[in-house]
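Quick look at final-v2.tsv (TSV, C-alpha atoms and all ligand atoms):
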```tsv
chain	number	residue	atom	x	y	z
A	29	MET	CA	9.28	12.38	19.65
A	30	ASP	CA	9.75	16.08	19.00
A	31	LYS	CA	10.07	17.67	15.59
A	32	SER	CA	13.88	17.87	15.65
A	33	SER	CA	14.30	14.18	16.54
A	34	ALA	CA	11.68	13.29	13.93
A	35	SER	CA	13.62	15.21	11.32
A	36	THR	CA	16.63	12.96	11.75
A	37	ASN	CA	14.51	9.85	11.06
A	38	LEU	CA	12.80	11.22	7.95
A	39	SER	CA	14.52	11.81	4.63
A	40	PRO	CA	14.70	15.34	3.23
A	41	LEU	CA	12.26	14.23	0.51
A	42	VAL	CA	9.71	13.04	3.07
A	43	ARG	CA	10.04	16.26	5.08
A	44	GLU	CA	9.59	18.29	1.91
A	45	GLU	CA	6.52	16.26	0.95
A	46	ILE	CA	5.00	16.68	4.42
A	47	ASP	CA	5.62	20.44	4.28
A	48	ARG	CA	4.01	20.57	0.84
A	49	TRP	CA	0.88	18.81	2.08
A	50	ARG	CA	0.71	20.63	5.38
A	51	VAL	CA	0.19	24.02	3.73
A	52	LYS	CA	-2.76	22.71	1.73
A	53	PHE	CA	-4.85	22.50	4.91
A	54	PRO	CA	-5.94	25.11	7.47
A	55	GLU	CA	-3.82	25.75	10.56
A	56	GLY	CA	-4.22	22.95	13.08
A	57	ARG	CA	-5.41	20.44	10.45
A	58	GLN	CA	-1.95	18.96	9.81
A	59	ARG	CA	-3.43	15.51	10.43
A	60	SER	CA	-4.67	15.70	6.84
A	61	ALA	CA	-1.06	15.29	5.66
A	62	VAL	CA	-0.61	11.91	7.37
A	63	ILE	CA	-1.72	9.66	4.49
A	64	ALA	CA	0.56	11.37	1.96
A	65	ALA	CA	3.45	11.25	4.41
A	66	LEU	CA	2.99	7.55	5.17
A	67	HIS	CA	2.76	6.73	1.47
A	68	LEU	CA	6.15	8.21	0.83
A	69	VAL	CA	7.73	6.84	4.00
A	70	GLN	CA	6.48	3.35	3.11
A	71	HIS	CA	7.81	3.69	-0.43
A	72	GLU	CA	11.26	4.71	0.85
A	73	ASN	CA	11.27	1.88	3.41
A	74	HIS	CA	10.85	-0.96	0.87
A	75	GLY	CA	7.09	-1.20	1.15
A	76	TYR	CA	6.30	-1.17	4.86
A	77	LEU	CA	6.03	1.10	7.87
A	78	THR	CA	7.80	0.72	11.20
A	79	SER	CA	6.79	2.10	14.59
A	80	ASP	CA	9.83	4.37	14.57
A	81	LEU	CA	8.93	5.82	11.20
A	82	MET	CA	5.30	6.39	12.17
A	83	GLU	CA	6.46	8.08	15.38
A	84	ALA	CA	8.79	10.26	13.33
A	85	VAL	CA	5.90	11.34	11.10
A	86	ALA	CA	3.83	12.13	14.19
A	87	GLY	CA	6.69	14.13	15.69
A	88	TYR	CA	7.23	16.09	12.51
A	89	LEU	CA	3.54	16.94	12.28
A	90	ASP	CA	3.20	17.70	16.02
A	91	LEU	CA	0.57	14.99	16.39
A	92	PRO	CA	0.07	12.32	19.06
A	93	ALA	CA	1.71	9.13	17.74
A	94	ILE	CA	-1.56	7.22	18.14
A	95	GLN	CA	-3.16	9.33	15.41
A	96	VAL	CA	-0.52	8.19	12.92
A	97	PHE	CA	-0.56	4.57	14.12
A	98	GLU	CA	-4.34	4.52	13.61
A	99	VAL	CA	-3.96	5.56	9.97
A	100	GLY	CA	-1.13	3.09	9.35
A	101	ALA	CA	-3.16	0.24	10.85
A	102	PHE	CA	-6.52	1.12	9.26
A	103	TYR	CA	-5.87	1.47	5.55
A	104	SER	CA	-5.14	-1.65	3.53
A	105	MET	CA	-2.63	0.27	1.41
A	106	PHE	CA	-0.23	0.43	4.35
A	107	GLU	CA	1.88	-2.48	5.57
A	108	THR	CA	3.37	-2.73	9.03
A	109	LYS	CA	5.65	-5.70	8.43
A	110	PRO	CA	8.24	-6.52	5.74
A	111	VAL	CA	6.62	-7.73	2.51
A	112	GLY	CA	7.66	-8.76	-1.00
A	113	ARG	CA	8.60	-5.92	-3.31
A	114	HIS	CA	5.74	-6.38	-5.80
A	115	SER	CA	2.39	-6.02	-4.10
A	116	ILE	CA	-0.60	-7.86	-5.62
A	117	SER	CA	-4.18	-7.17	-4.55
A	118	VAL	CA	-6.95	-9.32	-6.00
A	119	CYS	CA	-10.49	-8.02	-5.72
A	120	THR	CA	-12.99	-10.69	-4.66
A	121	ASN	CA	-15.89	-8.38	-4.00
A	122	ILE	CA	-19.27	-8.94	-5.65
A	123	SER	CA	-18.66	-7.93	-9.28
A	124	CYS	CA	-15.26	-9.60	-9.40
A	125	MET	CA	-16.56	-12.63	-7.53
A	126	LEU	CA	-19.33	-13.07	-10.13
A	127	ARG	CA	-16.71	-12.85	-12.89
A	128	GLY	CA	-14.29	-15.39	-11.36
A	129	GLY	CA	-12.28	-13.34	-8.86
A	130	GLU	CA	-11.87	-16.32	-6.52
A	131	LYS	CA	-10.41	-18.40	-9.37
A	132	ILE	CA	-8.05	-15.55	-10.19
A	133	LEU	CA	-6.87	-15.49	-6.59
A	134	GLY	CA	-6.47	-19.28	-6.59
A	135	HIS	CA	-4.44	-19.16	-9.78
A	136	ILE	CA	-2.02	-16.62	-8.30
A	137	GLU	CA	-1.72	-18.60	-5.05
A	138	ARG	CA	-0.82	-21.74	-6.98
A	139	LYS	CA	1.51	-19.93	-9.34
A	140	LEU	CA	3.45	-18.26	-6.52
A	141	GLY	CA	3.14	-21.13	-4.02
A	142	ILE	CA	1.80	-18.85	-1.29
A	143	GLU	CA	-1.55	-17.94	0.22
A	144	ALA	CA	-3.17	-14.53	0.45
A	145	GLY	CA	-1.43	-12.51	3.14
A	146	GLU	CA	2.01	-14.03	2.42
A	147	SER	CA	5.15	-13.06	0.53
A	148	THR	CA	7.21	-15.39	-1.66
A	149	PRO	CA	10.39	-16.67	0.04
A	150	ASP	CA	12.56	-14.80	-2.50
A	151	GLY	CA	10.91	-11.52	-1.45
A	152	LYS	CA	9.69	-10.82	-4.99
A	153	PHE	CA	5.91	-10.89	-4.49
A	154	TYR	CA	3.48	-10.03	-1.75
A	155	LEU	CA	-0.07	-11.31	-2.23
A	156	LYS	CA	-2.17	-9.12	-0.03
A	157	ARG	CA	-5.24	-10.36	1.72
A	158	GLU	CA	-8.27	-10.26	-0.55
A	159	GLU	CA	-9.33	-6.73	-1.34
A	160	GLU	CA	-12.73	-5.14	-1.12
A	161	CYS	CA	-14.03	-3.39	-4.23
A	162	LEU	CA	-11.28	-1.35	-5.88
A	163	ALA	CA	-13.80	0.62	-7.95
A	164	ALA	CA	-12.99	-1.02	-11.28
A	165	CYS	CA	-16.06	-3.29	-11.36
A	166	VAL	CA	-16.66	-2.68	-15.05
A	167	GLY	CA	-13.35	-4.44	-15.74
A	168	ALA	CA	-13.98	-7.40	-13.43
A	169	PRO	CA	-12.22	-9.61	-12.59
A	170	MET	CA	-9.36	-7.31	-11.70
A	171	MET	CA	-6.23	-7.01	-9.59
A	172	MET	CA	-3.87	-4.22	-8.64
A	173	VAL	CA	-0.12	-4.78	-8.92
A	174	ASP	CA	2.13	-2.09	-7.46
A	175	HIS	CA	-0.81	0.36	-7.54
A	176	LYS	CA	-1.56	-0.31	-11.22
A	177	PHE	CA	-4.94	-1.76	-12.18
A	178	HIS	CA	-5.20	-4.81	-14.46
A	179	GLU	CA	-8.70	-5.68	-15.64
A	180	ARG	CA	-10.60	-8.46	-17.45
A	181	LEU	CA	-8.06	-10.95	-16.16
A	182	THR	CA	-7.50	-14.47	-17.37
A	183	PRO	CA	-4.91	-16.92	-16.03
A	184	ALA	CA	-2.82	-16.36	-19.18
A	185	ARG	CA	-2.92	-12.58	-18.74
A	186	ILE	CA	-1.93	-12.90	-15.08
A	187	ASP	CA	1.06	-15.05	-16.03
A	188	GLU	CA	2.08	-12.47	-18.59
A	189	ILE	CA	1.84	-9.60	-16.07
A	190	LEU	CA	3.64	-11.35	-13.22
A	191	ASP	CA	6.30	-12.92	-15.41
A	192	SER	CA	7.19	-9.49	-16.80
A	193	LEU	CA	8.22	-8.13	-13.39
A	194	ASP	CA	11.85	-8.06	-12.24
A	201	LIG	S1	-16.03	-5.62	-7.20
A	201	LIG	FE1	-13.99	-5.80	-7.92
A	201	LIG	S2	-13.49	-3.81	-8.53
A	201	LIG	FE2	-15.51	-3.61	-7.77
```

If you took the structure in this file and wrote it as structure tokens, what would it be?
Amino acid sequence: MDKSSASTNLSPLVREEIDRWRVKFPEGRQRSAVIAALHLVQHENHGYLTSDLMEAVAGYLDLPAIQVFEVGAFYSMFETKPVGRHSISVCTNISCMLRGGEKILGHIERKLGIEAGESTPDGKFYLKREEECLAACVGAPMMMVDHKFHERLTPARIDEILDSLD
């Protein structure tokens, strides 16, 4: 996909954001703008990336599509299929595991009636696969909901957080 076709698939805001990031890096290093571009594209596309959108980003940045697909597939912050609108990530790495992270995950699975990796049938929640350390070990056990950290969790606190979401 060339840059002009890519432009038609990307919103003006995404193109502006890509341009803003592109100039932060030396000539020929436009690949460094891919993560920021995919973040915004995913946000605009209700939380997930499609092949067409990733190709459009590649076209706009004059990159081989595979270089954008690799980023979209590698990082756990990107989704490549439709998911619930509130994304929940529970850390079960060592510090959180020692402080009950697995019980936290189990509580959310029971509460929402889904398993990790699934979305609720009403499309409200997406419980991501278990996360590796999210660098908030001091507040273990923790989870991230829509990119916001919640620490020192208890079942009651989880209920409060999830029940407060629209
Ligand atoms: S182990 Fe859970 S945030 Fe580090």

- [ ] Within 6 Å of Lys156 in chain A, counting all atoms listed in the file, which residues show up once you throw out same-chain ones fewer than 3 positions away? Write them as an MDAnalysis selection string, please.
- [x] chainID A and resid 116:117 144:145

Around ligand LIG 201 (chain A), fit a box with edges along x, y and z, padding it by 3 Å on each side, then list its centre and edge lengths in Å to one decimal as JSON.
```
{"center_x": -14.8, "center_y": -4.7, "center_z": -7.9, "size_x": 8.5, "size_y": 8.2, "size_z": 7.3}
```

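Among all protein and nucleic acid residues, the ones that lie within 6 Å of ligand LIG 201 (chain A) when counting only C-alpha atoms and all ligand atoms are Cys119, Thr120, Asn121, Ile122, Ser123, Cys124, Cys161, Leu162, Ala163, Ala164, Cys165 and Ala168 of chain A.
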
Considering all atoms listed in the file, tabulate each residue of range 56-136 of chain A that lies at most 8 Å from range 175-186 of chain A along with its nearest interatomic pair and the corresponding distance in Å to one decimal; arrange the rows by chain and ascending residue number and present them as JSON lines.
```
{"residue": "A:Ser115", "atom": "CA", "partner": "A:His175", "partner_atom": "CA", "distance": 7.9}
{"residue": "A:Ile132", "atom": "CA", "partner": "A:Pro183", "partner_atom": "CA", "distance": 6.8}
{"residue": "A:His135", "atom": "CA", "partner": "A:Pro183", "partner_atom": "CA", "distance": 6.7}
{"residue": "A:Ile136", "atom": "CA", "partner": "A:Ile186", "partner_atom": "CA", "distance": 7.7}
```

Please identify every residue of range 89-184 of chain A that has at least one atom no farther than 10 Å from an atom of range 69-79 of chain A, counting all atoms listed in the file, and for each give the shortest atom pair and the distance in Å to one decimal, arranged by chain then increasing number, as a Markdown table.
```
| residue | atom | partner | partner_atom | distance |
| --- | --- | --- | --- | --- |
| A:Ala93 | CA | A:Ser79 | CA | 9.2 |
| A:Val96 | CA | A:Ser79 | CA | 9.7 |
| A:Phe97 | CA | A:Ser79 | CA | 7.8 |
| A:Gly100 | CA | A:Leu77 | CA | 7.6 |
| A:Ala101 | CA | A:Leu77 | CA | 9.7 |
| A:Met105 | CA | A:Tyr76 | CA | 9.7 |
| A:Phe106 | CA | A:Tyr76 | CA | 6.7 |
| A:Glu107 | CA | A:Tyr76 | CA | 4.7 |
| A:Thr108 | CA | A:Leu77 | CA | 4.8 |
| A:Lys109 | CA | A:Tyr76 | CA | 5.8 |
| A:Pro110 | CA | A:Tyr76 | CA | 5.8 |
| A:Val111 | CA | A:Gly75 | CA | 6.7 |
| A:Gly112 | CA | A:Gly75 | CA | 7.9 |
| A:Arg113 | CA | A:Gly75 | CA | 6.7 |
| A:His114 | CA | A:Gly75 | CA | 8.8 |
| A:Ser115 | CA | A:Gly75 | CA | 8.5 |
| A:Tyr154 | CA | A:Gly75 | CA | 10.0 |
| A:Asp174 | CA | A:Gly75 | CA | 10.0 |
```

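You can rank A:Gly167, A:Pro54, A:Pro40, A:Gly87 by their closest distance to Gly129 in chain A using only C-alpha atoms, and at the top of that list sits A:Gly167.
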